[in-house]
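S.K.: One structure follows; several queries about it will come next.
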Amino acid sequence: MTTTIYIPKDAAALALGAEKVATAVTAEIAARGLDAKIVRNGTRGMVWLETLVEVVTSQGRVAYGPVKAADVASLFDAGFLAGGAHRLSLGRVEDLPFFAKQTRLTFERCGVIDPLSLEDYRAHGGLRGLEKAVAITPADIVKTVTDSGLRGRGGAGFPTGIKWKTVHDTVADRKYIVCNADEGDSATFADRMIMEGDPFVLIEGMAIAGIATGATKGFVYIRSEYPHAIVTMTRAVEIARAAGILGTAVMGSPNAFDIEIRSGAGAYVCGEETSLLNSLEGKRGVVRAKPPLPAIEGLFGKPTVINNVISLASVPVIMDKGAEHYRDFGMGRSRGTIPVQLAGNIKHGGLFEVAFGITLGELINDIGGGTASGRPVKAVQVGGPLGAYFPASMFDTPFDYEAFAAKDGLIGHAGITVFDDTADMLKMARFAMEFCAIESCGKCTPCRIGSARGVETLDKVAAGIEPQKNLELVTDLCNTMKFGSLCALGGFTPYPVMSALTHFPEDFAPRPVAEAAE
Amino acid sequence: MQAQSTEIATQTRAIVEGLKGLEGPLLPILHEIQEEFGYVPQESLPVIADELNLSNAEVHGVVTFYHDYRRQPAGRHVLKLCQAEACQSMGSDAVADRIKRLLGIGFHETTLDGAVTLEPVYCLGLCACAPAAMLDGEVIGSIDENVIDEIVAEVRK
């Protein structure tokens with residue numbers, strides 16, 4: 001009986017040496033003449049345990065981690081192919097607290113299956129959503145998605161069903177589904193993880209979107225910083241096409257739908273939907289004014305659904321298990337689950353999919369185990385470079401779109417960066433302005449000029465030049481950027497800047513010059 | 001020199017011919033050209049403009065908008081250091097300072113021997129194993145002093 005060993009091929013696992021581990025395991029199997037095979041899965045999302053090696057035993061999938069190539073021989077000596085005890089033994093993955101506390105709907109298969117095995121995908125519930133979708137009317141698909149309460153997981157939180165309905169109702173000779181996989185926010189890797197770990201779920205979600213709205217062509221715009229995701233998605237599309245999931249007759253139905261994978265070119269602003277559309281058209285990634293909405297005049301002027309990876313990847317489970325099943329998770333107007341990404345200076349970093357409503361404190365302290373450095377948490381930034389910095393005193397905030405908005409923050413793509421007490425919040429505020437200046441598309445003045453002036457003014461504050469007057473100027477500038485910018489880049493850069501200033505005023509106070517301090 | 005630019009124009013035309021059937025072909029074309037030459041040569045631009053019925057200014061505008069497109073060849077290795085918030089929280093500033101000192105160059109510079117080009121990158125999606133970097137497309141996480149030494153030794157080989 002061949003023993004199956006799972007070794008992740010996710011980029012985070014590779015960054016921590018998974019390839020060397022796989023090579024070492026292969027060599028040991030050969031040297032010892034064992035009957036075992038390696039499957040390269042996605043990641044389970046527990047990045048601090050990578051490389052997480054799993055072995056299929058009679059007790060289930062038993063895990064070992066974090067495994068380094070140098071540990072491999074001793075694992076074989078300990079009889080890990082039969083689940084033997086070793087200092088890296090973790091037991092069954094499902095029993096690990098970080099995993100057991102999750103509600104995995106969208107990421108149900110990620111890290112479990114071979115990402116490019118359609119057989120595995122089907123065996124774990126894949127394609128059931130699409131099968132149901134081809135059997136009902138497009139309007140009923142839209143209704144199911146609307147009823148589920150799914151909101152755009154890219155950050156804006158716009159109801160997905162309403163977007164789809166607009167495209168469905170707009171008459172045109174050609175419509176598009178565009179998947180925004182330009183996941184540029186620091187602390188976020190959920191899109192990358194699902195594309196590398198369960199690419200077919202995104203393809204299935206896009207096909208359902210196509211059938212629901214009458215679109216026949218889909219694009220996945222993946223940032224160039226994700227070469228592994230591009231390779232996996234490209235291969236998955238080829239496999240899906242060969243199997244008749246994509247093409248002129250989706251799953252044997254009269255619906256046509258095909259997907260093309262496109263690579264970005266290193267512009268953060270292309271994560272903004274209208275800028276992304278321009279980029280796909282082969283133009284500078286400059287933001288478009290809205291209206292017209294992309295749902296009415298989008299890619300090449302045609303009605304376009306543009307959704308984030310996680311929004312689309314959540315559709316198959318909604319179609320399969322029903323709108324109620326999904327809607328029953330969550331709180332208030334935030335329904336279903338959200339893949340929270342714990343990042344930065346955190347002990348147990350990774351992806352934690354959970355129903356809305358969990359508090360920030362539970363996530364950072366109970367789930368994440370506090371900082372990696374062991375020092376006290378000073379601030380957490382939620383929602384990437386455009387998200388607010390929250391102090392520990394606000395850790396009772398529940399994960400919910402409205403609750404965050406009420407505290408001048410945003411969930412964004414649900415990435416959380418943890419900073420310990422060595423962080424300098426003036427420096428972080430300056431970085432937010434600097435990042436905006438580097439990445440601004442240049443179309444609107446508040447963003448293009450405001451960010452550059454913001455950097456200069458904060459530099460004056462740091463240098464102790466008229467700090468009070470300059471901080472008032474920064475506040476005024478943030479106000480102008482917030483209300484005067486065309487898109488979220490200029491419009492939301494004030495969130496990190498103002499939250500740093502509001503919650504950590506001591507970091508903006510005049511500081512003793514170096515000589516005086518010594 | 002003349003022969004070389006004719007050569008570039010010919011190769012560019014072949015690339016454009018192969019991809020111009022795509023919807024919105026300009027970015028895929030520029031990616032392919034950079035893949036072929038290691039950068040986007042100035043000589044390629046008028047050819048692309050001609051083939052796609054665009055103005056030279058439009059093509060120039062697109063090439064210069066995106067951070068990925070190089071206007072001159074890079075070093076033999078390209079080392080990208082993530083400088084985004086999650087990596088900053090784990091000391092990416094110190095990592096960058098040390099690497100700059102060891103290589104004797106700053107960001108957007110190439111060592112005199114042409115061995116390595118150093119670039120900042122804003123997020124590789126490796127935020128739970130920060131600080132992170134990418135060396136010639138290979139990802140590296142949890143960078144500490146030992147890893148820095150390995151990276152520097154690798155690019156100096």
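Convention: chains lettered A, B, ... in structure tokens order; per-chain residue numbering from 1; ligands numbered from 1 as shown.
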Residues within 12 Å of Pro25 in chain B, please, as a list in words. Count only C-alpha atoms; anything in the same chain fewer than 3 positions from it doesn't count.

M.R.: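 Those residues are Arg262, Ser263, Asn278, Ser279, Leu280, Glu281, Gly282 and Lys283 of chain A; Ile15, Val16, Glu17, Gly18, Leu19, Lys20, Gly21, Leu22, Pro28, Ile29, Leu30, His31, Glu32, Ile48, Ala49, Glu51, Leu52, Asn53, Leu54 and Val59 of chain B.
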
S.K.: For C-alpha atoms, I'd like the residues from the last selection saved as a PDB file, in the first residue's frame.

M.R.:
ATOM      1  CA  ARG A 262      -3.233  38.080 -17.441  1.00  0.00           C
ATOM      2  CA  SER A 263      -0.239  39.308 -15.527  1.00  0.00           C
ATOM      3  CA  ASN A 278      -7.550  50.233 -18.228  1.00  0.00           C
ATOM      4  CA  SER A 279      -4.528  48.030 -17.634  1.00  0.00           C
ATOM      5  CA  LEU A 280      -6.291  45.018 -19.163  1.00  0.00           C
ATOM      6  CA  GLU A 281      -7.113  47.146 -22.186  1.00  0.00           C
ATOM      7  CA  GLY A 282      -3.399  47.837 -22.574  1.00  0.00           C
ATOM      8  CA  LYS A 283      -3.426  51.384 -21.274  1.00  0.00           C
TER       9      LYS A 283
ATOM     10  CA  ILE B  15       6.495  39.001 -30.827  1.00  0.00           C
ATOM     11  CA  VAL B  16       3.801  41.538 -31.639  1.00  0.00           C
ATOM     12  CA  GLU B  17       2.548  39.442 -34.551  1.00  0.00           C
ATOM     13  CA  GLY B  18       2.139  36.479 -32.221  1.00  0.00           C
ATOM     14  CA  LEU B  19       0.152  38.348 -29.596  1.00  0.00           C
ATOM     15  CA  LYS B  20      -1.726  41.126 -31.359  1.00  0.00           C
ATOM     16  CA  GLY B  21      -4.809  38.956 -31.682  1.00  0.00           C
ATOM     17  CA  LEU B  22      -5.410  39.150 -27.935  1.00  0.00           C
ATOM     18  CA  PRO B  28       1.277  40.822 -22.736  1.00  0.00           C
ATOM     19  CA  ILE B  29       3.466  42.110 -25.594  1.00  0.00           C
ATOM     20  CA  LEU B  30       5.626  44.216 -23.276  1.00  0.00           C
ATOM     21  CA  HIS B  31       5.983  41.290 -20.854  1.00  0.00           C
ATOM     22  CA  GLU B  32       7.113  39.066 -23.714  1.00  0.00           C
ATOM     23  CA  ILE B  48       4.802  48.186 -31.314  1.00  0.00           C
ATOM     24  CA  ALA B  49       3.107  51.525 -32.015  1.00  0.00           C
ATOM     25  CA  GLU B  51       1.771  47.251 -35.362  1.00  0.00           C
ATOM     26  CA  LEU B  52      -0.983  48.163 -32.884  1.00  0.00           C
ATOM     27  CA  ASN B  53      -1.919  51.413 -34.594  1.00  0.00           C
ATOM     28  CA  LEU B  54      -1.045  53.457 -31.514  1.00  0.00           C
ATOM     29  CA  VAL B  59       3.266  53.167 -26.017  1.00  0.00           C
TER      30      VAL B  59
END

S.K.: If DSSP is run on the backbone, what residues of chain B are helix (DSSP H, G or I)? A reply as a ChimeraX atom specification would be ideal.

M.R.: /B:2-19,26-37,44-52,56-65,85-88,92-103,127-129,145-156

S.K.: Measuring between only C-alpha atoms, which one of A:Phe508, A:Phe158, A:Phe99, A:Phe435 shows the shortest distance to Lys460 in chain A?

M.R.: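 Among the listed residues, A:Phe508 lies closest to Lys460 in chain A.
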
S.K.: Env of Arg284 in chain A: 12 Å cut, atoms = only C-alpha atoms, seq-sep filter 5 positions within chain, self excluded. Answer as a PyMOL selection string.

M.R.: (chain A and resi 264-267+269-270+274-279+440-443) or (chain B and resi 24+26-27+57-67)

S.K.: Run DSSP on the backbone and tell me which residues of range 322-360 of chain A come out as strand (DSSP E or B); list them as a list of chain:residue names.

M.R.: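 In range 322-360 of chain A, DSSP puts these residues in strand (DSSP E or B): A:Gly330, A:Met331, A:Ser334, A:Arg335, A:Thr337, A:Ile338, A:Pro339, A:Val340, A:Gln341, A:Leu342, A:Ala343, A:Gly344, A:Gly350, A:Leu351, A:Phe352, A:Glu353, A:Val354, A:Ala355, A:Thr359.
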
S.K.: Please indicate the distance in Å from CA of Cys129 in chain B to CA of Gly141 in chain B, rounded to one decimal place.

M.R.: 5.3 Å

S.K.: Report the distance between CA of Ile151 in chain B and CA of Ile99 in chain B in Å, rounded to one decimal place.

M.R.: 8.9 Å

S.K.: Between CA of Glu434 in chain A and CA of Ala96 in chain B, what is the spacing in Å?

M.R.: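 About the pair CA of Ala96 in chain B and CA of Glu434 in chain A: they are 17.2 Å apart.
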
S.K.: So which one's closest to chain B, A:Ala209, A:Val55, A:Ala289, A:Ala190? Using only C-alpha atoms, please.

M.R.: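 Residue with the minimum atom-to-atom distance to chain B: A:Ala190.
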
S.K.: Nearest to chain B among A:Pro138, A:Pro496, A:Pro199, A:Pro291, with distances taken over only C-alpha atoms: which residue is it?

M.R.: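 Of the candidates, the smallest distance to chain B is held by A:Pro496.
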
S.K.: Of the candidates A:Thr51, A:Ser74, A:Ser314, A:Thr166, which shows the shortest atom-to-atom distance to chain B, using only C-alpha atoms?

M.R.: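 Under the stated criterion, the closest residue is A:Thr51.
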
S.K.: Neighbours of Gly247 in chain A within 8 Å (only C-alpha atoms; same-chain residues fewer than 2 positions away dropped), as an mmCIF file with N, CA and C atoms, in the first residue's frame?

M.R.:
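The resulting file, part03.cif, is shown below:
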data_model
loop_
_atom_site.group_PDB
_atom_site.id
_atom_site.type_symbol
_atom_site.label_atom_id
_atom_site.label_comp_id
_atom_site.auth_asym_id
_atom_site.auth_seq_id
_atom_site.Cartn_x
_atom_site.Cartn_y
_atom_site.Cartn_z
ATOM 1 N N ARG A 241 -10.429 23.580 -19.292
ATOM 2 C CA ARG A 241 -10.861 23.668 -20.690
ATOM 3 C C ARG A 241 -10.915 22.263 -21.301
ATOM 4 N N GLY A 244 -13.932 20.328 -20.316
ATOM 5 C CA GLY A 244 -15.254 20.832 -20.689
ATOM 6 C C GLY A 244 -15.918 21.687 -19.625
ATOM 7 N N ILE A 245 -15.142 22.110 -18.637
ATOM 8 C CA ILE A 245 -15.701 23.018 -17.616
ATOM 9 C C ILE A 245 -15.695 24.436 -18.173
ATOM 10 N N ALA A 249 -19.308 24.863 -24.314
ATOM 11 C CA ALA A 249 -20.438 24.247 -23.623
ATOM 12 C C ALA A 249 -20.014 23.912 -22.196
ATOM 13 N N VAL A 250 -20.213 24.879 -21.312
ATOM 14 C CA VAL A 250 -19.780 24.698 -19.924
ATOM 15 C C VAL A 250 -20.542 23.536 -19.283
ATOM 16 N N ALA A 256 -21.554 29.297 -22.976
ATOM 17 C CA ALA A 256 -20.138 29.366 -23.314
ATOM 18 C C ALA A 256 -19.432 30.251 -22.307
ATOM 19 N N PHE A 257 -18.265 29.834 -21.886
ATOM 20 C CA PHE A 257 -17.465 30.687 -21.003
ATOM 21 C C PHE A 257 -16.015 30.235 -21.041
ATOM 22 N N ASP A 258 -15.119 31.198 -21.243
ATOM 23 C CA ASP A 258 -13.696 30.861 -21.213
ATOM 24 C C ASP A 258 -12.936 31.916 -20.410
#

S.K.: With a distance cut-off of 9 Å and only C-alpha atoms, select the neighbouring residues of range 116-118 of chain B, excluding the residue or stretch itself and same-chain residues fewer than 2 positions from it, and output the selection as a short mmCIF file (atom, residue, chain, number, x, y, z; two decimals) with C-alpha atoms, in the first residue's frame.

M.R.:
data_model
loop_
_atom_site.label_atom_id
_atom_site.label_comp_id
_atom_site.auth_asym_id
_atom_site.auth_seq_id
_atom_site.Cartn_x
_atom_site.Cartn_y
_atom_site.Cartn_z
CA ALA B 74 19.34 44.45 -15.18
CA GLY B 75 22.24 42.68 -13.49
CA ARG B 76 22.65 38.91 -13.80
CA HIS B 77 20.59 38.51 -10.63
CA VAL B 78 17.63 40.61 -9.56
CA LEU B 79 17.06 40.83 -5.83
CA LYS B 80 13.76 42.30 -4.70
CA LEU B 81 13.39 43.15 -1.04
CA LYS B 100 22.87 47.56 0.62
CA LEU B 103 26.58 44.88 -1.97
CA ILE B 105 24.56 49.68 -3.88
CA GLY B 106 21.20 51.23 -3.14
CA PHE B 107 17.74 50.44 -4.46
CA HIS B 108 17.31 50.69 -8.25
CA GLU B 109 21.06 50.23 -8.69
CA THR B 110 23.21 47.50 -10.19
CA THR B 111 26.63 46.49 -8.87
CA LEU B 112 29.53 47.64 -11.05
CA ASP B 113 30.38 44.04 -11.99
CA GLY B 114 26.81 43.61 -13.26
CA PRO B 120 12.30 47.36 -3.44
CA VAL B 155 24.62 36.69 -6.08
CA ARG B 156 28.39 37.06 -5.74
#
